[in-house]
Each structure stands twice: as structure tokens, then as C-alpha cells.
2 protein chains.
Amino acid sequence: MDQIIKGSQSLIFRNAPYIISAGSVVGSKEAEGPLGKLFDMTNEDDLFGADTWEEAESVMQKEACILAIGKAHVDVKSIRYLFGGDLLRQGIATSMGVEGLQIPMFGLYGACSTSGEALALASMSAAAGYGGYMLAVTSSHFGSAEKEFRFPLGYASQRPLSAHWTVTGSGAFLVGAQDNESQGGTKKSHARITGVTVGKIVDYGLKDSQNMGACMAPAATDTIVQNFTDMERTEADYDRIITGDLGYVGQSILFDLVRGRGYDIREKHMDCGMTIYDQETQDTHAGGSGCGCAAVTLASYVLPKIEKGEWKRVLFVPTGALMSTVSFNEGASVPGIAHGIVIEHC
Amino acid sequence: MDQIIKGSQSLIFRNAPYIISAGSVVGSKEAEGPLGKLFDMTNEDDLFGADTWEEAESVMQKEACILAIGKAHVDVKSIRYLFGGDLLRQGIATSMGVEGLQIPMFGLYGACSTSGEALALASMSAAAGYGGYMLAVTSSHFGSAEKEFRFPLGYASQRPLSAHWTVTGSGAFLVGAQDNESQGGTKKSHARITGVTVGKIVDYGLKDSQNMGACMAPAATDTIVQNFTDMERTEADYDRIITGDLGYVGQSILFDLVRGRGYDIREKHMDCGMTIYDQETQDTHAGGSGCGCAAVTLASYVLPKIEKGEWKRVLFVPTGALMSTVSFNEGASVPGIAHGIVIEHC
């Protein structure tokens, strides 16, 4: 069961864990977007029956978890550990959201890269034999994120064109040490996490929190190139290289930076933040963002393509901008972090 | 290298990782307390050369990491992954603190239980063979925590007797898959993490964020009793059962709740929050708290006793209260979480 340590930041799993099932829950704007019909659950008023945006986000997390668990017909008690996070201060959406599931849990914070962090730790724990099932869940909510990082929605603040639109959504993934069928389940999985590249914090000194694509592009570059180096691969070895939420501004910077490192990923690149909304009609400026953006796009759009074998091997790279309102007000820069998850058809 | 899954929440490591070294950095009040002479580094004005409390906390984290790494004479590049967290929104003290070390990192949030969470994940990763060295670091700062959760210090707010005093401090732990000497290092370690009990969120519906001992005691009870059950042990199997920061109020509730579950830990219990300050002379009310409290007490006071063999086996249980100012203002309860780390002399 020994794993292979590759290069300075990566692991390749000899017994690659399966992504057995996924659940996706989104708000109204996401439901109206290009991927609208692919999500498991949507809601008209973005409150999901709750009284506040924060509670609504917790409801989404819980529902996403229940969907992922339910699709695999797995008893919640058989899930060993949960890895979860969100964008809110003290990760409160996760604490309140997953509390009812009563799964032993690890709270995470990696800004919008958290879905990668959660999948990395869930697959590392499953591959190590720490339990049959792990659950990885992340969320974001436009209303709670605007309140947390910018202004309450009622202020009707204007946003620069480089700003992102935080995705209202939560994605959950049931990761299994073995295929679900061999654990007594019913869901035949065709996607495995074969390796991870854990990201470092990369800081180019940018301070504009309304241009997070630019802040995160250096970290995405670092993780993608490190993945190529560690695993002795190039862009040719992947059907898609999928960043979380660089958006239109971040993508062009990513292409330039990656080219400077000797690779050209333009033909292979996809960004979840550019995929989830229609920029022309939905007024989402640089694109979608948030912990939920990469998670629900993976759950609803990317994973089915891997399951079907349309894509054989994908490098999934959620990207995060590490900042808070306090660090911003104190004049600190906005460094980025990105984690790479290699998902393969099987 | 297969690990043993015990009961519903615990792991026992067949190849138990070593705590090779630890670094502790604290502020002035902690330096004046009963453990004052045991810390590696202290600072008179609690700013550590920085301009803000948040930056000061980041400096502490960095220094604690460098101390732990330096004591073992280990090249920072040989540290595979870092697991770190703090109490501030979006874990900014950690992001800014460890950025300069350039170690691939996982950001965590588990309130004051985060030192347990970090040690759990670091030891799980080391035991799984994911790298020779892992680093676990957490911090808290009285000034930044008061600003984050209550009022800026300049307001001179009064505090109820059930309130805790957030510890200004950071503790870092170098966790090794093998003994340091066999990896070419110089530090002979006599402490191993032999198992973990990952905690669930426990919510008794308490809403008083100024009485966190009461909010966290049920979670501490749950994790301690689960550890006994999973590992088929009782309080007799431990030299000390050490909670993070229940304080005087939380301790009495813990004793009652644990007794209700059929165990009596009064003779074996120690609380870091009750150990780090002198309640009589330091006006710290219920005791110390914060991510740094359990971490620096472990690093400076507990670990040396285990190293010397004075204590053969200890259950270290950092406790966290899961809340934010937003959840508090919205009327949510304050659930708790606690992670159990079994540390043994070797």
C-alpha cells in the first residue's frame, strides 16, 4: 500500500481512491447559466429555506453531502472522516452545515482552493487505509461572500470588470478506498484520484482584491508546472487542465506565465469560473469564483465526462486568494495557493 | 505500513511518527506566567517587531516554525507538507506567517482545537509514508483575537468571569516518519504519536460565547470517551489527559459529563488554559484559550515530560468552540469540537 512520493510536492497513489459519487447544489443564477441543467439541486431565492445567507450556505453543504451519500447508497455512519471548508470567517458555513451528519471532521481553509485541499486530504486518507469512505465538501454563497469580503448586497455597490461573481453552490464528493461495489455499495465508479500536487503559497505582491484572477494566476502556474515536473509529464499527458476560478483576466496571465516556464496549455485549459456563467448575458464580469465554483463544476460537468471516458486524465487545480478584510485594510498583499488533483477514467 | 482502524473515530499507527522537535513563542503575559521560563522565545510588547497584532501573530508562527526546524537541524526543503491554522478570519495569520517558508501547505480551521487537528493530519501523513517530515503549527494572539471576536483593546471592555484570556503564542511541531537520526538529523526523539481520535461536532445548544469552557466541555467529553471506547482503554491507561482550554468553568462540567459516561478522570486531568496563567495574580478569569494555548503548553511543558519518561502516555485533547461574530449575531449556538492525540514516551 506504500505510495509513491514524486518530486518535491506530489504523490502518486498506488491504490488510487475512487470518486464514488458527487452532489451539487446551486443558486438561481447558476441554474440559469450554461451548466444549469446539470446540477442536482437548485433554489429560486438562494435562501434554501433559511433566514440568512450564512444559514443558506450551511443548508447547501448539508444537502450536497446527503446527495453524494445517497447516490452511493452508503450509510452515513460508514463515512470515516469529513474534510470541509468555505470562505466565511471561522469556516462557519461548514461547521453549521455538516454538524448534523455527525461525521468526525477536519475543518479546512484554503480560500477558493479548498475543494482541491479537501479532495487531496480525502484521497490521501483513503489511500493510506484510514477508512473505506471519506467525504470532501466545500461551498460559497454570493450573499454571504459579498457581506464577508465587500459590502452587504443592499448597498448595491458597483464592481470593477476584473471582479468575480461568487458562485452560490456547494459540491460534495464521496471518496472511496475501494470501488463502491466491493464495499457493498451499488455505485460503479469510473473516476479515480491517481495523484496530488500540494501547493505552496505564491505571492507576486499584488494587492487588488477586486482582481483575484491576477492574484491567483502565479499560484496556478506554480502548481501546474510543479505537477509536470514532479510527475514527469507535460500538457500532452492531460485531456484537460482545469483551474478553479481564474476567470478571463487570470487565464491570460496564466497562459503567459506558463509559457514563460516552457509549456503551452492553451489548447488544454478550462476554467470553472469561465464555464459556469455566460459572460455575455449574465453580467458576471471576470467569471465565477468561490469554494463552490470549482466544486460544483467538477461534480456536474467534469466528473461525468471522466466517468464516460470522454476525458481520460484531467488535472483539476482549484485556486485560492489568501486574504481577509483585515489583511486588505492593513495593506497586505494577496498571495495565492492552488492544489492539483489528478483524476483519471478507469 | 498498514494502520489499524480502531472503533468509529480512531487510528492507531503501526509505525508511529515521532515528534522530533517543537518551538514555542509567546507574549509578555505568558512569559510572566508559571511556564514563563520554559518557552523558547518571548517578546515584551507583543508586537514582535510588527506594526499590527495580525502581523505579530504571523511573525510568531514563522519563528515557532524556524525554532522547531532549527532544533532538529533539518533543511526546510526536506519538510514535505505543513499543516497550520489560527483563529483569525480566513486564517490570515497562518497564510502570512508560513508564506516565507515555501513549504507545500494545508490551511486548517478548528478553532482552538486546531493544534490537535494539525498534529492529527501531520502524523497521519507521516505514518502513511507521504514524506519524511511534516510540520504542524498554530497560533493565537490576545490583541488580534479580541479585535476579531470581541472589541478592539482600546475600548477597554469588561469581561465576565467565565471569559477566557486568549494566549499570545505559537507552537510548531516537526513530525517525522522515522526518528530524526535515521533521517540524517541530530535530534534523538523520545516522543511518538501512536494514535489519534478525530472529533465530531458536539452541540448542546449553548449560545454564550463568553463561556466557551461550557461550550467546549461536551466535545471534550465525547472525544475522550470515544478514545477510551475505540482503543479499549480507560483513564488508568494514561498518565495525563490534557485538554486545550476548557478553563475552570469547563473543567468542572467535563468532570461531571465524563462521570455520567462511567469514567472518572479527575486524578489524571490537566488543562493547558489552567496551567499557562496564574489565575490568582494574572486576572485571566476562566483561564487561557486560543490555538496557541494548547500548542505552546505542549511544546514547552508537556513534551519535555514525555521526552524524559516522566509521563509514559498522554492523551492530548485540544478543544475548539465553533463560532464567528456573524453566527453569534445571528443567534446561532456555539458547538464544540475536540481532537485526541495519543503521545507516548519511547
# chains A, B, ... in the order shown; residues from 1 in each chain; ligands from 1

call {"tool": "residues_around", "arguments": {"residues": "region 179-181 of chain A", "least_positions_apart": "5", "cutoff": "7 Å", "atoms": "only C-alpha atoms", "output": "PyMOL selection string"}}
result
chain A and resi 18+20+186-189

call {"tool": "write_last_selection", "arguments": {"atoms": "all heavy atoms", "output": "short mmCIF file (atom, residue, chain, number, x, y, z; two decimals), in the first residue's frame"}}
result
data_model
loop_
_atom_site.label_atom_id
_atom_site.label_comp_id
_atom_site.auth_asym_id
_atom_site.auth_seq_id
_atom_site.Cartn_x
_atom_site.Cartn_y
_atom_site.Cartn_z
N TYR A 18 -11.23 6.03 -5.34
CA TYR A 18 -12.30 6.33 -6.30
C TYR A 18 -13.10 7.54 -5.86
O TYR A 18 -13.33 7.73 -4.66
CB TYR A 18 -13.26 5.14 -6.40
CG TYR A 18 -12.65 3.92 -7.04
CD1 TYR A 18 -11.84 3.05 -6.30
CD2 TYR A 18 -12.86 3.63 -8.38
CE1 TYR A 18 -11.26 1.94 -6.88
CE2 TYR A 18 -12.30 2.51 -8.97
CZ TYR A 18 -11.50 1.67 -8.21
OH TYR A 18 -10.94 0.56 -8.79
N ILE A 20 -16.53 8.13 -5.79
CA ILE A 20 -17.67 7.23 -5.95
C ILE A 20 -18.92 7.98 -6.38
O ILE A 20 -19.67 7.52 -7.23
CB ILE A 20 -17.90 6.46 -4.63
CG1 ILE A 20 -16.74 5.47 -4.44
CG2 ILE A 20 -19.24 5.72 -4.66
CD1 ILE A 20 -16.72 4.79 -3.12
N THR A 186 -23.66 0.23 -4.35
CA THR A 186 -24.30 -0.05 -5.63
C THR A 186 -23.76 0.79 -6.77
O THR A 186 -24.12 0.60 -7.92
CB THR A 186 -25.81 0.26 -5.53
OG1 THR A 186 -25.94 1.64 -5.18
CG2 THR A 186 -26.48 -0.60 -4.48
N LYS A 187 -22.89 1.74 -6.45
CA LYS A 187 -22.47 2.69 -7.46
C LYS A 187 -21.12 2.29 -8.05
O LYS A 187 -20.11 2.29 -7.36
CB LYS A 187 -22.39 4.07 -6.79
CG LYS A 187 -21.91 5.21 -7.66
CD LYS A 187 -23.02 5.84 -8.47
CE LYS A 187 -22.60 7.18 -9.07
NZ LYS A 187 -21.31 7.18 -9.71
N LYS A 188 -21.11 1.95 -9.31
CA LYS A 188 -19.88 1.61 -10.01
C LYS A 188 -19.21 2.92 -10.41
O LYS A 188 -19.77 3.72 -11.13
CB LYS A 188 -20.23 0.79 -11.26
CG LYS A 188 -19.05 0.39 -12.11
CD LYS A 188 -18.35 -0.83 -11.57
CE LYS A 188 -17.06 -1.10 -12.34
NZ LYS A 188 -16.04 -1.71 -11.48
N SER A 189 -18.01 3.13 -9.90
CA SER A 189 -17.33 4.39 -10.18
C SER A 189 -16.30 4.21 -11.29
O SER A 189 -15.64 3.18 -11.38
CB SER A 189 -16.63 4.89 -8.92
OG SER A 189 -15.68 5.87 -9.25
#

call {"tool": "interface_residues", "arguments": {"of": "chain B", "to": "chain A", "cutoff": "6 Å", "atoms": "only C-alpha atoms", "output": "list in words"}}
result
Arg89, Gln90, Glu99, Gln102, Ile103, Pro104, Met105, Gly107, Leu108, Tyr109, Gly110, Ala128, Val198, Gly199, Lys200, Ile201 and Ser324 of chain B

call {"tool": "write_last_selection", "arguments": {"atoms": "C-alpha atoms", "output": "mmCIF file, in the first residue's frame"}}
result
data_model
loop_
_atom_site.group_PDB
_atom_site.id
_atom_site.type_symbol
_atom_site.label_atom_id
_atom_site.label_comp_id
_atom_site.auth_asym_id
_atom_site.auth_seq_id
_atom_site.Cartn_x
_atom_site.Cartn_y
_atom_site.Cartn_z
ATOM 1 C CA ARG B 89 -10.898 35.176 9.692
ATOM 2 C CA GLN B 90 -9.635 33.352 6.590
ATOM 3 C CA GLU B 99 4.437 32.034 3.311
ATOM 4 C CA GLN B 102 7.677 27.914 0.991
ATOM 5 C CA ILE B 103 6.537 24.514 2.251
ATOM 6 C CA PRO B 104 3.514 22.995 0.436
ATOM 7 C CA MET B 105 0.715 23.678 2.895
ATOM 8 C CA GLY B 107 -4.638 25.570 5.854
ATOM 9 C CA LEU B 108 -6.838 24.370 8.706
ATOM 10 C CA TYR B 109 -9.615 25.723 10.868
ATOM 11 C CA GLY B 110 -10.798 24.027 14.019
ATOM 12 C CA ALA B 128 1.197 6.918 5.554
ATOM 13 C CA VAL B 198 -10.759 12.583 15.269
ATOM 14 C CA GLY B 199 -13.569 14.589 16.844
ATOM 15 C CA LYS B 200 -17.169 15.180 15.813
ATOM 16 C CA ILE B 201 -19.015 18.462 16.246
ATOM 17 C CA SER B 324 -17.932 33.594 14.390
#

call {"tool": "select_by_dssp", "arguments": {"residues": "region 115-328 of chain B", "states": "strand (DSSP E)", "output": "PyMOL selection string"}}
result
chain B and resi 133-140+165-166+169-176+191-197+240-243+269-271+288-289+313-317+319-321

call {"tool": "atom_distance", "arguments": {"atom1": "CA of Gln226 (chain B)", "atom2": "CA of Ser123 (chain B)"}}
result
19.3 Å

call {"tool": "residues_around", "arguments": {"residues": "Val175 (chain B)", "least_positions_apart": "2", "cutoff": "9 Å", "atoms": "only C-alpha atoms", "output": "list in words"}}
result
Pro17, Tyr18, Ile19, Ile20, Ser21, Leu119, Ala122, Ser123, Ala126, Gly132, Tyr133, Met134, Leu135, Ala136, Phe173, Ala177, Gln178, Arg192 and Ile193 of chain B

call {"tool": "atom_distance", "arguments": {"atom1": "CA of Asp230 (chain A)", "atom2": "CA of Gly262 (chain A)"}}
result
15.1 Å

call {"tool": "residues_around", "arguments": {"residues": "Cys272 (chain B)", "least_positions_apart": "6", "cutoff": "6 Å", "atoms": "only C-alpha atoms", "output": "ChimeraX atom specification"}}
result
/B:244-245,294

call {"tool": "closest_residue", "arguments": {"among": "B:Arg159, B:Arg150, B:His164, B:His190", "to": "Ala286 (chain B)", "atoms": "only C-alpha atoms"}}
result
B:His164

call {"tool": "residues_around", "arguments": {"residues": "region 297-311 of chain A", "least_positions_apart": "4", "cutoff": "10 Å", "atoms": "only C-alpha atoms", "output": "number ranges by chain"}}
result
A: 19, 21-25, 35-40, 68, 115, 169-173, 188-192, 238-240, 242, 244, 271-273, 275-276, 292-293, 316, 343-346

call {"tool": "residues_around", "arguments": {"residues": "Gly27 (chain A)", "least_positions_apart": "3", "cutoff": "12 Å", "atoms": "only C-alpha atoms", "output": "ChimeraX atom specification"}}
result
/A:24,30-33,35-36,39-48,53,56-57,59-60,139-143,166-170,276,292-293,296

call {"tool": "write_last_selection", "arguments": {"atoms": "C-alpha atoms", "output": "compact mmCIF listing (two decimals), in the first residue's frame"}}
result
# COMPACT_ATOMS: atom_id res chain seq x y z
CA SER A 24 -24.07 19.58 -6.42
CA GLU A 30 -26.02 29.22 -11.55
CA ALA A 31 -29.22 27.39 -12.52
CA GLU A 32 -29.73 29.93 -15.33
CA GLY A 33 -26.16 29.50 -16.59
CA LEU A 35 -24.45 24.25 -16.74
CA GLY A 36 -27.87 24.90 -15.21
CA PHE A 39 -26.83 20.38 -11.15
CA ASP A 40 -28.59 18.07 -8.72
CA MET A 41 -30.47 20.75 -6.79
CA THR A 42 -31.23 24.42 -7.34
CA ASN A 43 -33.17 27.03 -5.42
CA GLU A 44 -35.13 30.05 -6.60
CA ASP A 45 -34.44 32.60 -3.87
CA ASP A 46 -30.95 31.42 -2.86
CA LEU A 47 -32.08 31.08 0.77
CA PHE A 48 -32.79 27.34 0.67
CA TRP A 53 -27.20 33.81 3.65
CA ALA A 56 -28.45 29.09 3.43
CA GLU A 57 -24.83 28.17 2.69
CA VAL A 59 -28.08 24.09 4.09
CA MET A 60 -26.40 23.78 0.69
CA SER A 139 -19.29 25.83 -0.50
CA SER A 140 -19.63 29.52 -1.23
CA HIS A 141 -22.61 31.86 -1.43
CA PHE A 142 -22.81 35.16 -3.28
CA GLY A 143 -24.75 36.84 -0.48
CA THR A 166 -19.01 34.40 -6.13
CA VAL A 167 -20.82 31.19 -7.02
CA THR A 168 -23.74 30.21 -4.81
CA GLY A 169 -23.16 26.50 -4.61
CA SER A 170 -21.81 23.52 -2.76
CA ILE A 276 -20.33 28.24 -15.01
CA GLY A 292 -18.31 26.31 -4.57
CA CYS A 293 -17.33 27.25 -8.13
CA VAL A 296 -19.99 22.20 -8.43

call {"tool": "residues_around", "arguments": {"residues": "Asp208 (chain B)", "least_positions_apart": "5", "cutoff": "10 Å", "atoms": "only C-alpha atoms", "output": "ChimeraX atom specification"}}
result
/B:162-163,213-215,328,331-334

call {"tool": "atom_distance", "arguments": {"atom1": "CA of Asn329 (chain A)", "atom2": "CA of Ser157 (chain B)"}}
result
23.5 Å
